[in-house]
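What follows is start22.cif (mmCIF, C-alpha atoms and all ligand atoms).
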```
data_structure
#
loop_
_atom_site.group_PDB
_atom_site.id
_atom_site.type_symbol
_atom_site.label_atom_id
_atom_site.label_comp_id
_atom_site.auth_asym_id
_atom_site.auth_seq_id
_atom_site.Cartn_x
_atom_site.Cartn_y
_atom_site.Cartn_z
ATOM 1 C CA MET A 1 8.091 86.060 68.071
ATOM 2 C CA ARG A 2 8.562 82.473 67.005
ATOM 3 C CA ILE A 3 6.496 80.753 64.283
ATOM 4 C CA ASP A 4 6.811 77.084 63.344
ATOM 5 C CA ILE A 5 5.243 75.934 60.076
ATOM 6 C CA VAL A 6 4.523 72.209 59.884
ATOM 7 C CA THR A 7 3.996 70.861 56.363
ATOM 8 C CA ALA A 8 4.387 67.897 54.032
ATOM 9 C CA LEU A 9 5.513 70.363 51.335
ATOM 10 C CA PRO A 10 8.293 72.488 52.875
ATOM 11 C CA GLY A 11 9.459 73.625 49.444
ATOM 12 C CA LEU A 12 6.180 75.414 48.968
ATOM 13 C CA VAL A 13 6.694 77.727 51.950
ATOM 14 C CA ALA A 14 10.457 78.311 51.956
ATOM 15 C CA GLY A 15 10.746 80.893 49.171
ATOM 16 C CA PRO A 16 8.507 83.713 50.374
ATOM 17 C CA LEU A 17 10.234 83.744 53.777
ATOM 18 C CA GLU A 18 13.493 84.684 52.058
ATOM 19 C CA HIS A 19 12.316 87.919 50.506
ATOM 20 C CA SER A 20 11.514 91.495 51.369
ATOM 21 C CA ILE A 21 9.823 92.230 54.674
ATOM 22 C CA LEU A 22 9.782 88.680 56.023
ATOM 23 C CA ARG A 23 13.468 88.259 55.361
ATOM 24 C CA ARG A 24 14.353 91.591 56.935
ATOM 25 C CA ALA A 25 12.222 90.846 60.000
ATOM 26 C CA ALA A 26 14.111 87.576 60.483
ATOM 27 C CA GLN A 27 17.488 89.225 59.905
ATOM 28 C CA LYS A 28 16.694 91.841 62.536
ATOM 29 C CA GLY A 29 15.806 89.046 64.974
ATOM 30 C CA LEU A 30 12.195 90.220 65.289
ATOM 31 C CA VAL A 31 10.782 86.861 64.240
ATOM 32 C CA ASP A 32 12.122 83.334 63.976
ATOM 33 C CA VAL A 33 10.174 81.339 61.380
ATOM 34 C CA ARG A 34 11.047 77.655 61.088
ATOM 35 C CA VAL A 35 9.723 75.180 58.556
ATOM 36 C CA HIS A 36 9.313 71.530 59.551
ATOM 37 C CA ASP A 37 9.051 68.724 57.001
ATOM 38 C CA LEU A 38 6.597 66.084 58.211
ATOM 39 C CA ARG A 39 8.625 63.438 56.393
ATOM 40 C CA ASP A 40 11.404 63.999 58.903
ATOM 41 C CA TYR A 41 9.029 62.756 61.608
ATOM 42 C CA THR A 42 8.021 59.499 59.916
ATOM 43 C CA THR A 43 9.423 56.202 61.134
ATOM 44 C CA ASP A 44 8.508 53.860 58.278
ATOM 45 C CA ARG A 45 10.742 52.878 55.403
ATOM 46 C CA HIS A 46 8.732 54.849 52.836
ATOM 47 C CA ARG A 47 8.507 57.986 54.987
ATOM 48 C CA GLN A 48 4.775 58.065 54.330
ATOM 49 C CA VAL A 49 2.949 61.190 55.518
ATOM 50 C CA ASP A 50 -0.524 60.453 54.130
ATOM 51 C CA ASP A 51 -2.828 57.514 53.570
ATOM 52 C CA TYR A 52 -6.239 56.568 52.173
ATOM 53 C CA PRO A 53 -9.301 57.673 54.133
ATOM 54 C CA PHE A 54 -11.153 55.071 56.200
ATOM 55 C CA GLY A 55 -14.588 54.585 54.671
ATOM 56 C CA GLY A 56 -13.323 55.418 51.207
ATOM 57 C CA GLY A 57 -13.522 58.559 49.130
ATOM 58 C CA ALA A 58 -11.191 60.654 47.034
ATOM 59 C CA GLY A 59 -8.007 62.273 48.249
ATOM 60 C CA MET A 60 -5.380 61.408 50.816
ATOM 61 C CA VAL A 61 -5.438 62.246 54.513
ATOM 62 C CA LEU A 62 -2.381 63.276 56.523
ATOM 63 C CA LYS A 63 -1.504 60.556 59.038
ATOM 64 C CA PRO A 64 -1.566 61.412 62.725
ATOM 65 C CA GLU A 65 1.784 59.956 63.885
ATOM 66 C CA PRO A 66 4.233 62.326 62.119
ATOM 67 C CA ILE A 67 2.106 65.358 63.039
ATOM 68 C CA PHE A 68 1.956 64.415 66.722
ATOM 69 C CA ALA A 69 5.688 63.670 66.737
ATOM 70 C CA CYS A 70 6.543 66.992 65.092
ATOM 71 C CA ILE A 71 4.254 69.255 67.088
ATOM 72 C CA GLU A 72 5.040 67.569 70.401
ATOM 73 C CA ALA A 73 8.752 67.953 69.692
ATOM 74 C CA ILE A 74 8.211 71.669 69.025
ATOM 75 C CA GLN A 75 6.156 72.017 72.218
ATOM 76 C CA GLN A 76 8.727 70.228 74.364
ATOM 77 C CA GLU A 77 11.628 72.223 72.996
ATOM 78 C CA ALA A 78 9.687 75.463 73.399
ATOM 79 C CA GLU A 79 8.787 74.706 76.990
ATOM 80 C CA ALA A 80 12.381 73.851 77.833
ATOM 81 C CA ALA A 81 13.435 77.168 76.267
ATOM 82 C CA GLY A 82 10.862 79.076 78.339
ATOM 83 C CA ALA A 83 8.786 80.186 75.329
ATOM 84 C CA PRO A 84 5.844 77.757 75.335
ATOM 85 C CA VAL A 85 3.582 77.412 72.308
ATOM 86 C CA ASP A 86 0.612 79.794 72.616
ATOM 87 C CA GLU A 87 -1.502 78.438 69.762
ATOM 88 C CA VAL A 88 -1.465 75.484 67.372
ATOM 89 C CA ILE A 89 -3.355 76.684 64.317
ATOM 90 C CA TYR A 90 -4.673 74.377 61.603
ATOM 91 C CA LEU A 91 -5.228 75.999 58.204
ATOM 92 C CA THR A 92 -8.450 74.659 56.742
ATOM 93 C CA PRO A 93 -11.295 75.978 54.573
ATOM 94 C CA ASP A 94 -13.748 75.121 57.369
ATOM 95 C CA GLY A 95 -11.981 77.311 59.929
ATOM 96 C CA GLU A 96 -12.802 80.785 61.229
ATOM 97 C CA VAL A 97 -12.198 83.335 58.473
ATOM 98 C CA PHE A 98 -8.952 85.272 58.922
ATOM 99 C CA ASP A 99 -9.157 89.063 59.027
ATOM 100 C CA GLN A 100 -7.147 92.055 60.213
ATOM 101 C CA GLU A 101 -8.512 91.802 63.715
ATOM 102 C CA MET A 102 -7.352 88.182 64.035
ATOM 103 C CA ALA A 103 -3.947 89.193 62.646
ATOM 104 C CA ASN A 104 -3.715 91.952 65.264
ATOM 105 C CA ARG A 105 -4.524 89.536 68.080
ATOM 106 C CA LEU A 106 -2.164 86.813 66.894
ATOM 107 C CA SER A 107 0.647 89.361 66.536
ATOM 108 C CA LEU A 108 0.558 89.743 70.333
ATOM 109 C CA ARG A 109 1.418 86.069 70.922
ATOM 110 C CA ARG A 110 4.967 84.871 71.422
ATOM 111 C CA HIS A 111 4.895 81.461 69.785
ATOM 112 C CA LEU A 112 2.605 80.107 67.078
ATOM 113 C CA VAL A 113 2.578 76.735 65.365
ATOM 114 C CA LEU A 114 0.883 76.621 61.947
ATOM 115 C CA LEU A 115 -0.149 73.236 60.556
ATOM 116 C CA ALA A 116 -0.736 73.163 56.794
ATOM 117 C CA GLY A 117 -2.877 70.252 55.685
ATOM 118 C CA HIS A 118 -3.704 68.636 52.406
ATOM 119 C CA TYR A 119 -6.873 69.641 50.639
ATOM 120 C CA LYS A 120 -8.610 66.497 51.977
ATOM 121 C CA GLY A 121 -7.304 67.283 55.414
ATOM 122 C CA VAL A 122 -5.664 65.707 58.416
ATOM 123 C CA ASP A 123 -6.789 62.845 60.595
ATOM 124 C CA GLN A 124 -9.513 64.180 62.906
ATOM 125 C CA ARG A 125 -7.587 63.060 66.000
ATOM 126 C CA VAL A 126 -4.976 65.730 65.277
ATOM 127 C CA ARG A 127 -7.693 68.374 65.285
ATOM 128 C CA ASP A 128 -9.261 66.992 68.462
ATOM 129 C CA ALA A 129 -6.065 66.660 70.481
ATOM 130 C CA LEU A 130 -3.492 69.168 69.224
ATOM 131 C CA ILE A 131 -5.183 72.082 67.497
ATOM 132 C CA THR A 132 -6.258 75.166 69.459
ATOM 133 C CA ARG A 133 -7.674 77.161 66.543
ATOM 134 C CA GLU A 134 -8.771 76.488 62.955
ATOM 135 C CA VAL A 135 -8.382 79.250 60.407
ATOM 136 C CA SER A 136 -9.467 79.734 56.778
ATOM 137 C CA ILE A 137 -8.279 82.603 54.590
ATOM 138 C CA GLY A 138 -11.533 82.940 52.647
ATOM 139 C CA ASP A 139 -14.358 81.221 50.854
ATOM 140 C CA TYR A 140 -12.547 79.455 48.042
ATOM 141 C CA VAL A 141 -10.704 76.151 47.919
ATOM 142 C CA LEU A 142 -6.921 75.832 47.749
ATOM 143 C CA SER A 143 -4.898 72.648 47.322
ATOM 144 C CA GLY A 144 -3.406 72.841 50.785
ATOM 145 C CA GLY A 145 -2.741 75.012 53.807
ATOM 146 C CA GLU A 146 0.760 76.114 52.789
ATOM 147 C CA LEU A 147 -0.189 79.341 51.007
ATOM 148 C CA PRO A 148 -2.706 80.200 53.756
ATOM 149 C CA ALA A 149 0.026 79.666 56.389
ATOM 150 C CA LEU A 150 2.210 82.162 54.524
ATOM 151 C CA VAL A 151 -0.686 84.602 54.371
ATOM 152 C CA LEU A 152 -0.949 84.477 58.169
ATOM 153 C CA VAL A 153 2.808 84.826 58.625
ATOM 154 C CA ASP A 154 2.960 87.865 56.349
ATOM 155 C CA ALA A 155 -0.067 89.591 57.899
ATOM 156 C CA ILE A 156 1.197 88.947 61.439
ATOM 157 C CA VAL A 157 4.910 89.658 61.042
ATOM 158 C CA ARG A 158 4.393 93.057 59.425
ATOM 159 C CA LEU A 159 2.568 94.103 62.612
ATOM 160 C CA LEU A 160 5.490 93.307 64.915
ATOM 161 C CA PRO A 161 7.178 96.399 66.365
ATOM 162 C CA GLY A 162 10.226 97.385 64.319
ATOM 163 C CA VAL A 163 9.346 95.370 61.214
ATOM 164 C CA LEU A 164 7.979 98.285 59.202
ATOM 165 C CA GLY A 165 9.552 101.716 59.341
ATOM 166 C CA ASP A 166 7.543 104.537 60.894
ATOM 167 C CA ALA A 167 6.914 105.960 57.425
ATOM 168 C CA THR A 168 5.012 102.827 56.440
ATOM 169 C CA SER A 169 3.522 102.079 59.828
ATOM 170 C CA ALA A 170 1.050 99.210 59.745
ATOM 171 C CA LEU A 171 -1.449 101.500 61.438
ATOM 172 C CA SER A 172 -1.935 103.383 58.174
ATOM 173 C CA ASP A 173 -2.884 100.222 56.270
ATOM 174 C CA SER A 174 -6.155 99.597 54.560
ATOM 175 C CA PHE A 175 -8.442 97.763 57.001
ATOM 176 C CA GLN A 176 -6.640 98.913 60.143
ATOM 177 C CA ASP A 177 -9.298 101.617 60.350
ATOM 178 C CA ARG A 178 -11.729 99.725 58.064
ATOM 179 C CA LEU A 179 -11.166 101.987 55.068
ATOM 180 C CA LEU A 180 -9.541 101.176 51.761
ATOM 181 C CA ASP A 181 -6.434 103.106 50.729
ATOM 182 C CA ALA A 182 -6.402 106.289 48.661
ATOM 183 C CA PRO A 183 -4.756 106.234 45.192
ATOM 184 C CA VAL A 184 -0.979 106.692 45.196
ATOM 185 C CA TYR A 185 1.346 108.120 42.555
ATOM 186 C CA THR A 186 5.065 108.437 41.996
ATOM 187 C CA ARG A 187 7.201 110.165 39.365
ATOM 188 C CA PRO A 188 6.837 111.157 36.578
ATOM 189 C CA ALA A 189 4.173 113.808 37.284
ATOM 190 C CA GLU A 190 2.888 113.316 33.762
ATOM 191 C CA PHE A 191 2.907 109.946 31.993
ATOM 192 C CA ARG A 192 1.316 109.439 28.564
ATOM 193 C CA GLY A 193 -0.876 112.445 29.164
ATOM 194 C CA MET A 194 -2.084 111.149 32.549
ATOM 195 C CA THR A 195 -1.328 113.540 35.382
ATOM 196 C CA VAL A 196 -0.972 113.328 39.138
ATOM 197 C CA PRO A 197 -3.672 115.209 41.124
ATOM 198 C CA ASP A 198 -2.369 118.741 41.815
ATOM 199 C CA VAL A 199 -3.130 118.493 45.523
ATOM 200 C CA LEU A 200 -0.478 115.762 45.962
ATOM 201 C CA ARG A 201 2.167 118.144 44.550
ATOM 202 C CA SER A 202 0.992 121.164 46.523
ATOM 203 C CA GLY A 203 3.088 120.526 49.634
ATOM 204 C CA ASP A 204 0.021 121.476 51.685
ATOM 205 C CA HIS A 205 -0.081 118.512 54.072
ATOM 206 C CA PRO A 206 -3.381 119.218 55.815
ATOM 207 C CA ARG A 207 -5.007 119.513 52.377
ATOM 208 C CA ILE A 208 -3.302 116.305 51.212
ATOM 209 C CA GLU A 209 -4.591 114.432 54.257
ATOM 210 C CA ALA A 210 -8.104 115.785 53.689
ATOM 211 C CA TRP A 211 -7.961 114.677 50.041
ATOM 212 C CA ARG A 212 -6.750 111.213 51.043
ATOM 213 C CA ASP A 213 -9.478 110.832 53.664
ATOM 214 C CA ALA A 214 -12.126 111.804 51.113
ATOM 215 C CA GLU A 215 -10.719 109.385 48.515
ATOM 216 C CA ARG A 216 -10.586 106.551 51.026
ATOM 217 C CA LEU A 217 -14.188 107.122 52.025
ATOM 218 C CA LYS A 218 -15.300 107.375 48.392
ATOM 219 C CA LYS A 219 -13.525 104.161 47.386
ATOM 220 C CA THR A 220 -14.820 102.287 50.423
ATOM 221 C CA ARG A 221 -18.412 103.392 49.719
ATOM 222 C CA GLU A 222 -18.092 102.276 46.102
ATOM 223 C CA ARG A 223 -16.306 98.979 46.603
ATOM 224 C CA ARG A 224 -16.835 97.770 50.158
ATOM 225 C CA PRO A 225 -19.854 99.442 51.747
ATOM 226 C CA ASP A 226 -19.983 96.429 54.108
ATOM 227 C CA LEU A 227 -16.838 97.755 55.841
ATOM 228 C CA LEU A 228 -18.624 100.983 56.764
ATOM 229 C CA SER A 229 -21.690 99.322 58.259
ATOM 230 C CA ARG A 230 -19.922 96.605 60.269
ATOM 231 C CA PRO A 231 -20.232 96.897 64.044
HETATM 232 CL CL1 LIG A 301 -6.721 77.525 55.203
HETATM 233 N N1 LIG A 301 -6.892 75.784 53.233
HETATM 234 C C1 LIG A 301 -7.331 75.377 52.034
HETATM 235 N N2 LIG A 301 -6.950 74.186 51.572
HETATM 236 N N3 LIG A 301 -8.137 76.098 51.272
HETATM 237 C C2 LIG A 301 -8.490 77.287 51.761
HETATM 238 C C3 LIG A 301 -8.065 77.771 52.996
HETATM 239 C C4 LIG A 301 -7.254 76.977 53.727
HETATM 240 N N4 LIG A 301 -8.602 78.979 53.197
HETATM 241 C C5 LIG A 301 -9.327 79.231 52.114
HETATM 242 N N5 LIG A 301 -9.281 78.214 51.254
#
```

Please, can you express the file's structure as structure tokens?
Ligand code: 6GU
Amino acid sequence: MRIDIVTALPGLVAGPLEHSILRRAAQKGLVDVRVHDLRDYTTDRHRQVDDYPFGGGAGMVLKPEPIFACIEAIQQEAEAAGAPVDEVIYLTPDGEVFDQEMANRLSLRRHLVLLAGHYKGVDQRVRDALITREVSIGDYVLSGGELPALVLVDAIVRLLPGVLGDATSALSDSFQDRLLDAPVYTRPAEFRGMTVPDVLRSGDHPRIEAWRDAERLKKTRERRPDLLSRP
């Protein structure tokens, strides 16, 4: 899979890609994540990526020219390479709310472009002409789409075959079957008087699975009953 992240703040997205699961996925060649700095696609002397909104108001708006230049360059290169762009996703609080099901679907695509905007957004013509899908990561406001873009990348990449070992298969995650996870413990078996449930040390795997199922159901009922009643 190939993912291109388009941003005016490349420094904000670079770090997390270089650690842990995302780094290993890239090293194994399972995903190719590239970060594009919109400033590199400006043509003016000041390399200006944003400007004041027509009609007035607070906040800056990302200009259309560098975004068109960047995304069209990605699309042309991708087409020439025989891996055309499947979706151009704009991260915005007014988009469709991201969830596990959307992550599952997007993980089946070959090539995604993620556009991170400023808090005040991008010129509407970008959304009208280039964007195929608008996605929010929840009902709260962030300063820009960079962290949301990383949230999508993380949720999607960990689903790609070979990224997680069998032991930590993504299929056993919370939400994959709409249940929260059971409590987990590691050594020591006793810490400051707090002990690990005996069943987890019993070696009786059918009993352990039954305990985990019961705990997952209990926690989901207590914390997220909405997950149990969703169609
Ligand atoms: Cl995608 N962008 C911004 N700026 N804020 C958000 C968001 C996205 N999703 C939730 N809040």

Where's the centre, and what are the edge lengths in Å to one decimal, of a box along x, y and z enclosing all listed atoms of ligand LIG 301 (chain A) padded 6 Å per side, as lines of an AutoDock Vina configuration file?
```
center_x = -8.0
center_y = 76.7
center_z = 53.2
size_x = 14.6
size_y = 17.0
size_z = 15.9
```

Atomic distance atom CA of A:Ser107 - atom CA of A:Leu17, expressed in Å with one decimal: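 Straight-line distance from atom CA of A:Ser107 to atom CA of A:Leu17 works out to 16.9 Å.
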
field: Nearest-residue call for ligand LIG 301 (chain A), choices A:Ala170, A:Leu112, A:Leu91, A:Leu179, using only C-alpha atoms and all ligand atoms
entry: A:Leu91

message: Take the PyMOL selection byres (((chain A and resi 29-37) around 10) and not hetatm), run it mentally on this structure, and tell me the resulting residues as an MDAnalysis selection string.
response: chainID A and resid 1:11 13:14 17 22:28 38:42 49 66:67 70:71 74 110:115 153 157 160:163

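If you measure from each of A:Asp204, A:Glu209, A:Glu215, A:Glu65 to A:Thr43 using only C-alpha atoms, the closest one turns out to be A:Glu65.
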
Residues of chain A at most 8 Å from ligand LIG 301 (chain A): nearest atom pair and distance in Å, only C-alpha atoms and all ligand atoms, as JSON lines:
```
{"residue": "A:Tyr90", "atom": "CA", "partner": "A:LIG301", "partner_atom": "CL1", "distance": 7.4}
{"residue": "A:Leu91", "atom": "CA", "partner": "A:LIG301", "partner_atom": "CL1", "distance": 3.7}
{"residue": "A:Thr92", "atom": "CA", "partner": "A:LIG301", "partner_atom": "CL1", "distance": 3.7}
{"residue": "A:Pro93", "atom": "CA", "partner": "A:LIG301", "partner_atom": "C3", "distance": 4.0}
{"residue": "A:Asp94", "atom": "CA", "partner": "A:LIG301", "partner_atom": "C3", "distance": 7.6}
{"residue": "A:Gly95", "atom": "CA", "partner": "A:LIG301", "partner_atom": "CL1", "distance": 7.1}
{"residue": "A:Val97", "atom": "CA", "partner": "A:LIG301", "partner_atom": "N4", "distance": 7.7}
{"residue": "A:Ala116", "atom": "CA", "partner": "A:LIG301", "partner_atom": "CL1", "distance": 7.6}
{"residue": "A:Gly117", "atom": "CA", "partner": "A:LIG301", "partner_atom": "N2", "distance": 7.0}
{"residue": "A:His118", "atom": "CA", "partner": "A:LIG301", "partner_atom": "N2", "distance": 6.5}
{"residue": "A:Tyr119", "atom": "CA", "partner": "A:LIG301", "partner_atom": "N2", "distance": 4.6}
{"residue": "A:Lys120", "atom": "CA", "partner": "A:LIG301", "partner_atom": "N2", "distance": 7.9}
{"residue": "A:Gly121", "atom": "CA", "partner": "A:LIG301", "partner_atom": "N2", "distance": 7.9}
{"residue": "A:Val135", "atom": "CA", "partner": "A:LIG301", "partner_atom": "CL1", "distance": 5.7}
{"residue": "A:Ser136", "atom": "CA", "partner": "A:LIG301", "partner_atom": "N4", "distance": 3.8}
{"residue": "A:Ile137", "atom": "CA", "partner": "A:LIG301", "partner_atom": "N4", "distance": 3.9}
{"residue": "A:Gly138", "atom": "CA", "partner": "A:LIG301", "partner_atom": "C5", "distance": 4.3}
{"residue": "A:Asp139", "atom": "CA", "partner": "A:LIG301", "partner_atom": "C5", "distance": 5.6}
{"residue": "A:Tyr140", "atom": "CA", "partner": "A:LIG301", "partner_atom": "N5", "distance": 4.7}
{"residue": "A:Val141", "atom": "CA", "partner": "A:LIG301", "partner_atom": "N5", "distance": 4.2}
{"residue": "A:Leu142", "atom": "CA", "partner": "A:LIG301", "partner_atom": "N3", "distance": 3.7}
{"residue": "A:Ser143", "atom": "CA", "partner": "A:LIG301", "partner_atom": "N2", "distance": 5.0}
{"residue": "A:Gly144", "atom": "CA", "partner": "A:LIG301", "partner_atom": "N2", "distance": 3.9}
{"residue": "A:Gly145", "atom": "CA", "partner": "A:LIG301", "partner_atom": "N1", "distance": 4.3}
{"residue": "A:Glu146", "atom": "CA", "partner": "A:LIG301", "partner_atom": "N1", "distance": 7.7}
{"residue": "A:Leu147", "atom": "CA", "partner": "A:LIG301", "partner_atom": "N1", "distance": 7.9}
{"residue": "A:Pro148", "atom": "CA", "partner": "A:LIG301", "partner_atom": "CL1", "distance": 5.0}
{"residue": "A:Ala149", "atom": "CA", "partner": "A:LIG301", "partner_atom": "CL1", "distance": 7.2}
```

query: What lies within 12 Å of A:Leu217 using all atoms listed in the file, ignoring chain neighbours under 5 positions off, as a ChimeraX atom specification?
result: /A:174,177-183,210-212,222-225,227-228

Generate the output file for the selected residues, C-alpha atoms, as a PDB file, in the coordinates of the input.
```
ATOM      1  CA  SER A 174      -6.155  99.597  54.560  1.00  0.00           C
ATOM      2  CA  ASP A 177      -9.298 101.617  60.350  1.00  0.00           C
ATOM      3  CA  ARG A 178     -11.729  99.725  58.064  1.00  0.00           C
ATOM      4  CA  LEU A 179     -11.166 101.987  55.068  1.00  0.00           C
ATOM      5  CA  LEU A 180      -9.541 101.176  51.761  1.00  0.00           C
ATOM      6  CA  ASP A 181      -6.434 103.106  50.729  1.00  0.00           C
ATOM      7  CA  ALA A 182      -6.402 106.289  48.661  1.00  0.00           C
ATOM      8  CA  PRO A 183      -4.756 106.234  45.192  1.00  0.00           C
ATOM      9  CA  ALA A 210      -8.104 115.785  53.689  1.00  0.00           C
ATOM     10  CA  TRP A 211      -7.961 114.677  50.041  1.00  0.00           C
ATOM     11  CA  ARG A 212      -6.750 111.213  51.043  1.00  0.00           C
ATOM     12  CA  GLU A 222     -18.092 102.276  46.102  1.00  0.00           C
ATOM     13  CA  ARG A 223     -16.306  98.979  46.603  1.00  0.00           C
ATOM     14  CA  ARG A 224     -16.835  97.770  50.158  1.00  0.00           C
ATOM     15  CA  PRO A 225     -19.854  99.442  51.747  1.00  0.00           C
ATOM     16  CA  LEU A 227     -16.838  97.755  55.841  1.00  0.00           C
ATOM     17  CA  LEU A 228     -18.624 100.983  56.764  1.00  0.00           C
TER      18      LEU A 228
END
```

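One finds atom CA of A:Leu130 at 18.7 Å from atom CA of A:Ala80.
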
query: Looking at only C-alpha atoms, which of A:Phe68, A:Phe175, A:Phe191, A:Phe98 is the one that sits closest to A:Val122?
result: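 Looking at the shortest contact to A:Val122, the residue is A:Phe68.
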
- prompt: In Å to one decimal, how far is atom CA of A:Pro188 from atom CA of A:Ser202?
  reply: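 Straight-line distance from atom CA of A:Ser202 to atom CA of A:Pro188 works out to 15.3 Å.
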
query: From the set A:Arg127, A:Arg45, A:Arg105, A:His19, which residue has the shortest atom-to-atom contact distance to A:Leu62, counting all atoms listed in the file?
result: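 The answer is A:Arg127, which sits nearest to A:Leu62.
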
task: Name all residues at most 9 Å from A:Asp123 (count only C-alpha atoms; drop same-chain ones fewer than 3 positions away) and give them as a ChimeraX atom specification.
output: /A:53,61-64,126-127

message: Could you check the closest approach to A:Val196 for each of A:Ala155, A:Ala129, A:Ala69, A:Val184 and tell me which residue wins, using all atoms listed in the file?
response: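 Looking at the shortest contact to A:Val196, the residue is A:Val184.
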